[in-house]
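Trainee: File input-v4.txt follows (compact mmCIF, C-alpha atoms):
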```txt
# COMPACT_ATOMS: atom_id res chain seq x y z
CA MET A 900 14.48 -4.19 27.12
CA ALA A 901 17.84 -2.58 27.74
CA HIS A 902 18.08 1.18 27.87
CA GLN A 903 19.94 2.91 25.10
CA HIS A 904 22.95 4.75 26.51
CA ALA A 905 22.17 3.31 29.93
CA ILE A 906 23.18 5.52 32.85
CA PRO A 907 23.76 4.32 36.43
CA LEU A 908 20.62 5.26 38.32
CA ALA A 909 22.67 6.25 41.35
CA LYS A 910 24.12 9.11 39.35
CA VAL A 911 20.85 10.36 37.87
CA VAL A 912 18.63 12.38 40.19
CA PHE A 913 14.88 12.54 39.60
CA ILE A 914 13.09 15.02 41.81
CA THR A 915 9.50 13.91 42.40
CA ALA A 916 6.44 16.12 42.49
CA SER A 917 6.49 15.92 46.28
CA VAL A 918 9.28 18.49 46.22
CA ILE A 919 6.83 21.13 45.07
CA GLU A 920 4.02 20.07 47.38
CA SER A 921 5.33 22.30 50.13
CA ALA A 922 3.84 25.78 49.90
CA SER A 923 6.98 27.34 51.32
CA ALA A 924 9.18 25.64 48.70
CA PHE A 925 7.55 27.45 45.81
CA GLY A 926 5.58 30.30 47.31
CA ILE A 927 2.43 28.34 46.48
CA ALA A 928 -0.82 28.23 48.41
CA THR A 929 -2.44 24.83 47.96
CA ARG A 930 -6.15 24.78 47.28
CA PRO A 931 -8.69 22.32 45.84
CA SER A 932 -8.86 21.84 42.10
CA PRO A 933 -10.77 24.76 40.54
CA SER A 934 -14.23 24.26 39.16
CA HIS A 935 -13.16 25.09 35.60
CA MET A 936 -10.66 22.21 35.50
CA HIS A 937 -11.28 19.75 32.67
CA THR A 938 -12.29 16.39 34.15
CA GLY A 939 -12.64 14.24 31.08
CA LEU A 940 -16.06 15.61 30.11
CA CYS A 941 -15.68 14.78 26.43
CA SER A 942 -14.78 11.15 26.87
CA GLN A 943 -17.42 10.56 29.51
CA ASN A 944 -20.41 12.32 27.99
CA LEU A 945 -19.80 12.89 24.30
CA GLY A 946 -17.74 9.89 23.25
CA CYS A 947 -15.03 12.07 21.79
CA GLY A 948 -12.16 10.08 23.23
CA VAL A 949 -10.53 13.06 24.94
CA GLY A 950 -10.11 13.00 28.69
CA ILE A 951 -7.46 15.02 30.46
CA GLY A 952 -8.57 13.64 33.79
CA THR A 953 -8.40 15.32 37.14
CA ALA A 954 -5.16 16.87 38.30
CA THR A 955 -3.99 18.90 41.24
CA ALA A 956 -3.62 22.61 40.64
CA GLU A 957 -1.88 25.09 42.87
CA HIS A 958 -1.98 28.87 42.93
CA PHE A 959 1.29 30.33 41.67
CA PHE A 960 2.95 33.40 43.11
CA ALA A 961 5.90 35.23 41.61
CA GLY A 962 9.31 35.64 43.07
CA ASP A 963 9.78 32.36 44.92
CA ASP A 964 10.61 29.98 42.08
CA GLU A 965 14.30 30.47 42.91
CA THR A 966 13.76 28.24 45.95
CA THR A 967 12.90 25.16 43.89
CA HIS A 968 15.85 23.57 42.05
CA GLY A 969 17.70 26.90 42.35
CA MET A 970 15.65 28.62 39.66
CA PRO A 971 16.39 30.92 38.01
CA TRP A 972 19.81 29.40 37.49
CA SER A 973 22.70 31.85 37.33
CA THR A 974 25.46 29.34 36.55
CA SER A 975 25.53 26.14 34.52
CA ILE A 976 25.60 22.66 36.02
CA SER A 977 28.87 22.16 34.12
CA GLU A 978 30.58 24.65 36.48
CA ASN A 979 32.47 25.92 33.44
CA PRO A 980 32.47 29.75 33.51
CA SER A 981 32.30 29.86 29.72
CA ASP A 982 28.93 28.04 29.73
CA ARG A 983 26.42 30.83 30.21
CA MET A 984 22.71 30.59 31.02
CA GLU A 985 21.90 32.49 27.86
CA PHE A 986 18.16 31.89 27.82
CA MET A 987 17.37 32.58 31.48
CA PRO A 988 16.12 36.08 30.56
CA PHE A 989 13.43 34.31 28.52
CA TRP A 990 12.39 32.28 31.57
CA ASN A 991 12.33 35.33 33.86
CA TRP A 992 10.39 37.47 31.40
CA GLN A 993 7.81 34.77 30.71
CA MET A 994 7.17 34.07 34.40
CA ALA A 995 6.56 37.76 35.05
CA HIS A 996 4.44 38.19 31.92
CA MET A 997 2.18 35.25 32.75
CA GLN A 998 1.51 36.57 36.23
CA ASP A 999 0.81 40.08 34.96
CA HIS A 1000 -1.40 39.18 31.99
CA LEU A 1001 -3.12 35.83 32.58
CA THR A 1002 -6.23 35.26 34.68
CA ASP A 1003 -6.21 32.79 37.60
CA LEU A 1004 -2.74 31.46 36.82
CA GLU A 1005 -2.09 28.11 38.49
CA MET A 1006 0.73 25.60 38.47
CA ILE A 1007 -0.19 22.01 37.57
CA ARG A 1008 1.51 19.25 39.50
CA VAL A 1009 2.75 16.88 36.77
CA PRO A 1010 3.36 13.15 37.37
CA ALA A 1011 6.10 12.21 39.80
CA ASN A 1012 9.71 12.51 38.59
CA LEU A 1013 8.80 14.61 35.55
CA THR A 1014 9.35 18.11 36.96
CA TYR A 1015 13.13 17.93 37.21
CA ALA A 1016 15.92 15.56 36.26
CA GLU A 1017 19.65 15.82 36.76
CA ASN A 1018 22.50 13.69 35.44
CA ASN A 1019 25.85 13.91 37.22
CA SER A 1020 27.41 10.78 35.72
CA ARG A 1021 28.69 12.17 32.45
CA ASN A 1022 32.03 13.50 33.70
CA ASN A 1023 32.32 16.95 32.18
CA ASN A 1024 28.97 16.59 30.39
CA LYS A 1025 26.54 17.05 33.26
CA ALA A 1026 22.94 17.93 32.42
CA ARG A 1027 19.68 18.97 34.07
CA VAL A 1028 16.19 19.86 32.90
CA ILE A 1029 13.30 21.60 34.60
CA ASN A 1030 9.78 21.51 33.18
CA LEU A 1031 6.92 23.43 34.80
CA THR A 1032 3.29 23.33 33.71
CA PHE A 1033 0.64 26.00 34.30
CA ARG A 1034 -2.93 26.73 33.43
CA SER A 1035 -5.09 29.87 33.42
CA ALA A 1036 -8.55 30.95 32.37
CA GLU A 1037 -7.15 31.52 28.87
CA CYS A 1038 -4.96 28.39 28.61
CA ARG A 1039 -5.58 24.74 29.35
CA LYS A 1040 -1.83 24.20 29.52
CA ILE A 1041 1.35 26.26 29.40
CA ARG A 1042 4.58 24.36 29.54
CA VAL A 1043 7.97 25.98 30.25
CA LEU A 1044 11.18 23.95 29.90
CA TYR A 1045 14.86 24.80 30.41
CA TYR A 1046 17.60 22.29 29.60
CA ASP A 1047 21.14 23.01 30.77
CA ALA A 1048 23.94 20.76 29.59
CA GLY A 1049 26.80 23.20 29.77
CA SER A 1050 27.61 24.21 26.22
CA THR A 1051 24.12 23.12 25.12
CA GLN A 1052 21.22 25.27 26.31
CA VAL A 1053 17.55 24.83 25.36
CA TYR A 1054 14.47 26.91 26.15
CA ASN A 1055 11.04 25.65 25.11
CA THR A 1056 7.50 26.80 25.82
CA MET A 1057 4.15 25.55 24.53
CA TRP A 1058 0.79 27.27 25.03
CA TYR A 1059 -2.52 25.44 24.49
CA SER A 1060 -5.70 27.50 24.60
CA ASP A 1061 -8.51 26.63 26.97
CA GLU A 1062 -10.89 24.17 25.29
CA SER A 1063 -13.49 26.95 25.05
CA ILE A 1064 -11.19 28.87 22.67
CA ASP A 1065 -10.55 27.50 19.17
CA ALA A 1066 -7.00 28.78 18.68
CA PRO A 1067 -3.63 27.54 17.37
CA VAL A 1068 -0.92 26.29 19.70
CA LEU A 1069 1.92 28.68 20.46
CA GLY A 1070 5.20 26.80 20.14
CA ILE A 1071 8.64 28.31 20.80
CA SER A 1072 12.02 26.54 20.86
CA ILE A 1073 15.42 28.20 21.25
CA MET A 1074 18.69 26.27 21.28
CA GLY A 1075 22.29 27.28 21.77
CA PHE A 1076 25.42 25.23 21.13
CA GLY A 1077 28.74 26.33 22.54
CA GLY A 1078 27.99 30.02 22.22
CA LYS A 1079 28.62 29.71 18.48
CA ARG A 1080 25.45 28.29 16.97
CA TYR A 1081 21.86 29.22 17.73
CA LEU A 1082 18.54 27.96 16.42
CA ALA A 1083 15.21 29.66 17.10
CA MET A 1084 11.65 28.82 16.09
CA ALA A 1085 8.30 30.36 17.00
CA ASP A 1086 4.91 29.69 15.46
CA PHE A 1087 1.17 29.90 15.94
CA GLN A 1088 0.66 26.27 15.03
CA PRO A 1089 -2.65 25.58 13.24
CA LEU A 1090 -4.78 22.72 14.48
CA HIS A 1091 -7.10 22.62 11.45
CA GLY A 1092 -5.85 20.99 8.27
CA ASP A 1093 -2.44 21.81 6.87
CA GLY A 1094 -0.53 25.04 6.90
CA ASN A 1095 -1.33 28.70 7.31
CA ALA A 1096 -4.61 28.64 5.36
CA GLU A 1097 -6.29 27.17 8.43
CA LEU A 1098 -5.05 29.76 10.96
CA PRO A 1099 -7.80 31.98 12.38
CA ARG A 1100 -7.49 35.34 10.66
CA ALA A 1101 -6.54 37.34 13.77
CA PHE A 1102 -3.70 34.95 14.62
CA ARG A 1103 -2.56 34.82 10.98
CA ASP A 1104 -2.44 38.60 10.68
CA ALA A 1105 -0.56 38.95 13.97
CA LEU A 1106 2.03 36.37 12.94
CA ILE A 1107 2.52 38.01 9.55
CA ASP A 1108 3.13 41.32 11.32
CA ILE A 1109 5.63 39.80 13.78
CA ARG A 1110 7.47 38.07 10.96
CA GLY A 1111 7.61 41.30 8.99
CA ARG A 1112 9.40 42.91 11.93
CA SER A 1113 11.80 39.96 12.29
CA PRO A 1114 13.78 39.73 9.02
CA THR A 1115 16.42 37.45 10.53
CA LEU A 1116 13.75 34.82 11.31
CA HIS A 1117 12.62 33.98 7.77
CA GLY A 1118 14.27 30.55 7.53
CA LYS A 1119 12.65 27.21 6.71
CA LEU A 1120 12.25 24.03 8.72
CA SER A 1121 14.67 21.28 7.76
CA GLY A 1122 12.01 18.55 7.69
CA ARG A 1123 14.28 16.20 9.64
CA TYR A 1124 11.64 15.46 12.26
CA TYR A 1125 8.44 17.01 10.93
CA GLU A 1126 7.40 16.32 7.37
CA GLY A 1127 5.26 18.66 5.30
CA THR A 1128 3.35 21.64 6.68
CA ARG A 1129 0.95 19.91 9.05
CA TYR A 1130 0.79 21.86 12.32
CA PHE A 1131 3.18 24.52 11.04
CA SER A 1132 2.06 27.81 9.57
CA GLU A 1133 3.33 29.42 6.41
CA HIS A 1134 4.62 32.36 8.42
CA ILE A 1135 6.65 30.47 11.01
CA LEU A 1136 9.58 32.37 12.52
CA HIS A 1137 12.74 30.34 12.10
CA GLY A 1138 16.38 31.38 12.16
CA ARG A 1139 19.95 30.16 12.54
CA PHE A 1140 22.63 32.39 14.01
CA ALA A 1141 26.38 32.24 14.60
CA ASP A 1142 26.68 35.29 16.83
CA ALA A 1143 25.67 35.32 20.51
CA SER A 1144 24.44 38.90 20.15
CA ALA A 1145 21.48 37.56 18.14
CA VAL A 1146 19.97 36.14 21.34
CA GLU A 1147 19.31 39.58 22.78
CA ASP A 1148 19.05 41.57 19.56
CA ASN A 1149 16.89 39.28 17.40
CA ILE A 1150 15.48 36.27 19.24
CA LEU A 1151 14.36 37.77 22.57
CA PRO A 1152 12.28 40.62 21.06
CA ALA A 1153 10.49 38.22 18.69
CA PHE A 1154 9.87 35.78 21.55
CA GLN A 1155 8.37 38.49 23.74
CA THR A 1156 6.13 39.74 20.95
CA CYS A 1157 4.87 36.24 20.11
CA VAL A 1158 3.97 35.50 23.72
CA SER A 1159 2.31 38.84 24.40
CA GLU A 1160 0.37 38.84 21.10
CA TYR A 1161 -0.81 35.27 21.57
CA ALA A 1162 -2.04 35.92 25.10
CA ALA A 1163 -3.82 39.09 23.96
CA LEU A 1164 -5.53 37.27 21.09
CA LEU A 1165 -6.81 34.57 23.44
CA ARG A 1166 -8.38 37.24 25.62
CA GLN A 1167 -10.01 38.84 22.58
CA THR A 1168 -11.48 35.58 21.22
CA THR A 1169 -15.11 34.87 22.06
CA PRO A 1170 -15.19 31.54 23.93
CA ASP A 1171 -17.55 28.65 23.20
CA ASP A 1172 -18.09 26.92 26.51
CA SER A 1173 -20.54 24.35 25.19
CA GLN A 1174 -19.74 20.67 25.64
CA GLU A 1175 -19.55 20.26 21.88
CA GLY A 1176 -17.19 23.22 21.50
CA ARG A 1177 -14.87 22.11 24.28
CA CYS A 1178 -14.81 18.55 22.97
CA HIS A 1179 -13.98 19.78 19.45
CA VAL A 1180 -10.97 21.78 20.63
CA GLY A 1181 -9.90 19.00 22.99
CA ASN A 1182 -9.87 16.52 20.12
CA LEU A 1183 -7.79 18.87 17.98
CA GLN A 1184 -5.24 19.32 20.76
CA ALA A 1185 -5.10 15.57 21.38
CA ALA A 1186 -4.42 14.93 17.69
CA TYR A 1187 -1.64 17.53 17.82
CA ASP A 1188 -0.09 15.82 20.84
CA THR A 1189 -0.23 12.44 19.11
CA TYR A 1190 1.53 13.85 16.03
CA CYS A 1191 4.22 15.69 17.98
CA GLY A 1192 4.80 12.99 20.58
CA GLY A 1193 5.81 10.52 17.89
CA ARG A 1194 8.18 12.95 16.19
CA ASP A 1195 9.65 15.23 18.81
CA PRO A 1196 13.47 14.95 19.09
CA ALA A 1197 13.16 15.23 22.89
CA THR A 1198 12.69 11.46 23.15
CA GLU A 1199 16.06 10.78 21.56
CA MET A 1200 17.90 13.65 23.25
CA PHE A 1201 16.63 13.03 26.77
CA GLY A 1202 16.87 9.26 26.35
CA ALA A 1203 20.60 9.57 25.75
CA VAL A 1204 21.04 11.73 28.86
CA PHE A 1205 18.48 10.53 31.42
CA GLY A 1206 17.63 7.04 30.15
CA LYS A 1207 15.00 5.77 27.74
CA GLU A 1208 12.36 4.97 30.34
CA TRP A 1209 12.40 8.46 31.82
CA ALA A 1210 12.40 10.06 28.37
CA MET A 1211 9.38 8.05 27.26
CA ARG A 1212 7.43 9.00 30.35
CA PHE A 1213 8.53 12.63 30.02
CA VAL A 1214 7.36 12.91 26.42
CA TYR A 1215 4.10 10.96 26.68
CA ASP A 1216 3.03 11.72 30.26
CA SER A 1217 4.07 15.37 30.42
CA LEU A 1218 5.13 17.09 27.19
CA PHE A 1219 2.35 15.68 24.97
CA ASN A 1220 0.14 14.00 27.54
CA LEU A 1221 -3.09 14.09 25.52
CA GLY A 1222 -1.60 12.06 22.67
CA GLU A 1223 -1.86 8.36 22.03
CA LYS A 1224 1.04 6.36 23.42
CA PRO A 1225 2.96 4.17 20.94
CA PRO A 1226 3.27 0.39 21.38
CA GLU A 1227 6.87 0.90 22.46
CA TYR A 1228 5.67 2.78 25.55
CA ALA A 1229 3.58 -0.16 26.77
CA GLU A 1230 6.25 -2.69 25.86
CA LEU A 1231 8.95 -0.79 27.75
CA PHE A 1232 7.04 -0.57 31.02
CA GLU A 1233 5.50 -4.02 30.78
CA GLU A 1234 8.97 -5.54 30.44
CA ARG A 1235 10.52 -3.45 33.23
CA ASN A 1236 7.68 -3.50 35.75
CA GLY A 1237 5.52 -6.41 34.70
CA LYS A 1238 2.63 -4.01 34.27
CA ILE A 1239 1.86 -0.49 33.16
```
Please rewrite the model in this file as structure tokens.
Mentor:
Amino acid sequence: MAHQHAIPLAKVVFITASVIESASAFGIATRPSPSHMHTGLCSQNLGCGVGIGTATAEHFFAGDDETTHGMPWSTSISENPSDRMEFMPFWNWQMAHMQDHLTDLEMIRVPANLTYAENNSRNNNKARVINLTFRSAECRKIRVLYYDAGSTQVYNTMWYSDESIDAPVLGISIMGFGGKRYLAMADFQPLHGDGNAELPRAFRDALIDIRGRSPTLHGKLSGRYYEGTRYFSEHILHGRFADASAVEDNILPAFQTCVSEYAALLRQTTPDDSQEGRCHVGNLQAAYDTYCGGRDPATEMFGAVFGKEWAMRFVYDSLFNLGEKPPEYAELFEERNGKI
């Protein structure tokens, strides 16, 4: 099957997970997988069909992430002075906040080639993406993504609670286009039923309060990719802006409040560490990943830049790795490799 918008592989750089295996490269001390790591307990013992499987975790220390892929980036890959790294303050703040407020924070080594990708073949339209994944006592998975394509900048973070905590997913996406158009969304995304009625009360009340303090973020989803209200709350924060000042004045404060409130609510929630409880939450998160994996615009966007094969692996093996893979995933890799 031919790639859509095929790109010469010699011009596209995929940095494998081996780059971050060196402790000195990331300020990371390698240690065995922690005892609280999910090892597919539900699928093995309860027949729930959810199995994250074993993974390698590494202890994460602050201050040294600049040494891997140049993070935090100060200039764009486009080398155009007018293309600013507008959302890097979000990255820097979140890294510091996670280390200060989460327990036993660790970085998860994702499958090879899915941490970083760079495309230098598009003339003046160069692009790169970095995607780091963490876990803590409070969260099974925290994903942090930055996409730099010159005039297009994207920041995205997703927080999944530990399976012992029945909580919504925190989802935040911020996009900038040419310094003239901005789109921001943040939500405590319910995993039970449809819409805000199924949000746990503490999370619902917190989101209502944040929204009340963010009058410029009262917009509605377009419905282009996600139909209806499933996995979106009634009080989602959503806004479109035409002024770059909105990034610092409106979007950043709301982002910081959402992250800090969500983390605090996880700490305040009484965990259920029973096998049944963990399996229940794991199944809900897997269903969420299946829904989002089949609808997320990342597949189309990254496919056009880094190639369809990489985009499919990125979405289904990293972004939404608990979800069911579509037939197209198997067909693509069977045709290219002769096997999965």
Trainee: Just the number, please: distance in Å from atom CA of Arg1177 of chain A to atom CA of Asp1195 of chain A, one decimal.
Mentor: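 Taking atom CA of Arg1177 of chain A and atom CA of Asp1195 of chain A, their separation equals 26.0 Å.
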Trainee: What does the distance between atom CA of Ala1203 of chain A and atom CA of Asn1018 of chain A come to in Å, to one decimal place?
Mentor: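 Computing the Euclidean distance for atom CA of Ala1203 of chain A and atom CA of Asn1018 of chain A yields 10.7 Å.
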Trainee: Could you tell me how far atom CA of Tyr1054 of chain A lies from atom CA of Glu1227 of chain A, in Å and to one decimal?
Mentor: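 Taking atom CA of Tyr1054 of chain A and atom CA of Glu1227 of chain A, their separation equals 27.3 Å.
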Trainee: Considering only C-alpha atoms, state which residue in the set A:Asn1012, A:Thr1051, A:Ser1035, A:Thr1002 is at the smallest distance from Met984 of chain A.
Mentor: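 So, comparing all the options, the nearest one is A:Thr1051.
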Trainee: How would you write as JSON, numbers by chain the residues that get within 8 Å of (3.6, 36.4, 27.6) in the file's frame, counting only C-alpha atoms?
Mentor: {"A": [992, 993, 996, 997, 1000, 1155, 1156, 1157, 1158, 1159, 1160, 1161, 1162]}
Trainee: May I have a table of the residues of segment 1133-1196 of chain A lying at most 10 Å from segment 1062-1086 of chain A, giving each one's closest pair of atoms and their distance in Å to one decimal, counting only C-alpha atoms, ordered by chain and ascending residue number, as CSV?
Mentor:
```
residue,atom,partner,partner_atom,distance
A:Glu1133,CA,A:Asp1086,CA,9.2
A:His1134,CA,A:Asp1086,CA,7.5
A:Ile1135,CA,A:Asp1086,CA,4.8
A:Leu1136,CA,A:Ala1085,CA,5.1
A:His1137,CA,A:Met1084,CA,4.4
A:Gly1138,CA,A:Ala1083,CA,5.4
A:Arg1139,CA,A:Leu1082,CA,4.7
A:Phe1140,CA,A:Tyr1081,CA,4.9
A:Ala1141,CA,A:Arg1080,CA,4.7
A:Asp1142,CA,A:Lys1079,CA,6.1
A:Ala1143,CA,A:Gly1078,CA,6.0
A:Ser1144,CA,A:Gly1078,CA,9.8
A:Ala1145,CA,A:Tyr1081,CA,8.4
A:Val1146,CA,A:Tyr1081,CA,8.0
A:Asn1149,CA,A:Ala1083,CA,9.8
A:Ile1150,CA,A:Ala1083,CA,7.0
A:Leu1151,CA,A:Ile1073,CA,9.7
A:Ala1153,CA,A:Ala1085,CA,8.3
A:Phe1154,CA,A:Ala1085,CA,7.2
A:Cys1157,CA,A:Ala1085,CA,7.5
A:Val1158,CA,A:Leu1069,CA,7.8
A:Tyr1161,CA,A:Leu1069,CA,7.2
A:Ala1162,CA,A:Leu1069,CA,9.5
A:Leu1164,CA,A:Ala1066,CA,8.9
A:Leu1165,CA,A:Ile1064,CA,7.2
A:Arg1166,CA,A:Ile1064,CA,9.3
A:Thr1168,CA,A:Ile1064,CA,6.9
A:Thr1169,CA,A:Ile1064,CA,7.2
A:Pro1170,CA,A:Ile1064,CA,5.0
A:Asp1171,CA,A:Ser1063,CA,4.8
A:Asp1172,CA,A:Ser1063,CA,4.8
A:Ser1173,CA,A:Ser1063,CA,7.5
A:Gln1174,CA,A:Ser1063,CA,8.9
A:Glu1175,CA,A:Ser1063,CA,9.6
A:Gly1176,CA,A:Ser1063,CA,6.3
A:Arg1177,CA,A:Glu1062,CA,4.6
A:Cys1178,CA,A:Glu1062,CA,7.2
A:His1179,CA,A:Glu1062,CA,7.9
A:Val1180,CA,A:Glu1062,CA,5.2
A:Gly1181,CA,A:Glu1062,CA,5.7
A:Asn1182,CA,A:Glu1062,CA,9.3
A:Leu1183,CA,A:Asp1065,CA,9.1
A:Gln1184,CA,A:Val1068,CA,8.3
A:Tyr1187,CA,A:Val1068,CA,9.0
```
Trainee: Ranking A:Pro1152, A:Thr1198, A:Tyr1190, A:Arg1042 by minimum distance to Arg1112 of chain A and counting all atoms listed in the file, which one comes first?
Mentor: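 Smallest distance to Arg1112 of chain A is found for A:Pro1152.
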Trainee: Taking (13.8, 17.3, 35.2) in the file's own coordinates, collect the residues within 7 Å, counting only C-alpha atoms, and hand them back as a PyMOL selection string.
Mentor: chain A and resi 913+1013-1017+1027-1030
Trainee: Would you please work out which residue, of A:Asp982, A:Glu1199, A:Asp1188, A:Glu1005, is nearest to Gly1049 of chain A when using all atoms listed in the file?
Mentor: A:Asp982
Trainee: Name the residues in contact with Arg983 of chain A at a cut-off of 7 Å, using all atoms listed in the file, excluding same-chain residues fewer than 3 positions from it; report them as a list in words.
Mentor: Thr974, Ser975 and Pro980 of chain A
Trainee: Return the padded bounding box of segment 1190-1209 of chain A as JSON: axis-aligned, built from all atoms listed in the file, 4 Å added on each side, with centre and edge lengths in Å to one decimal.
Mentor:
```
{"center_x": 11.3, "center_y": 10.3, "center_z": 23.9, "size_x": 27.5, "size_y": 18.7, "size_z": 23.8}
```
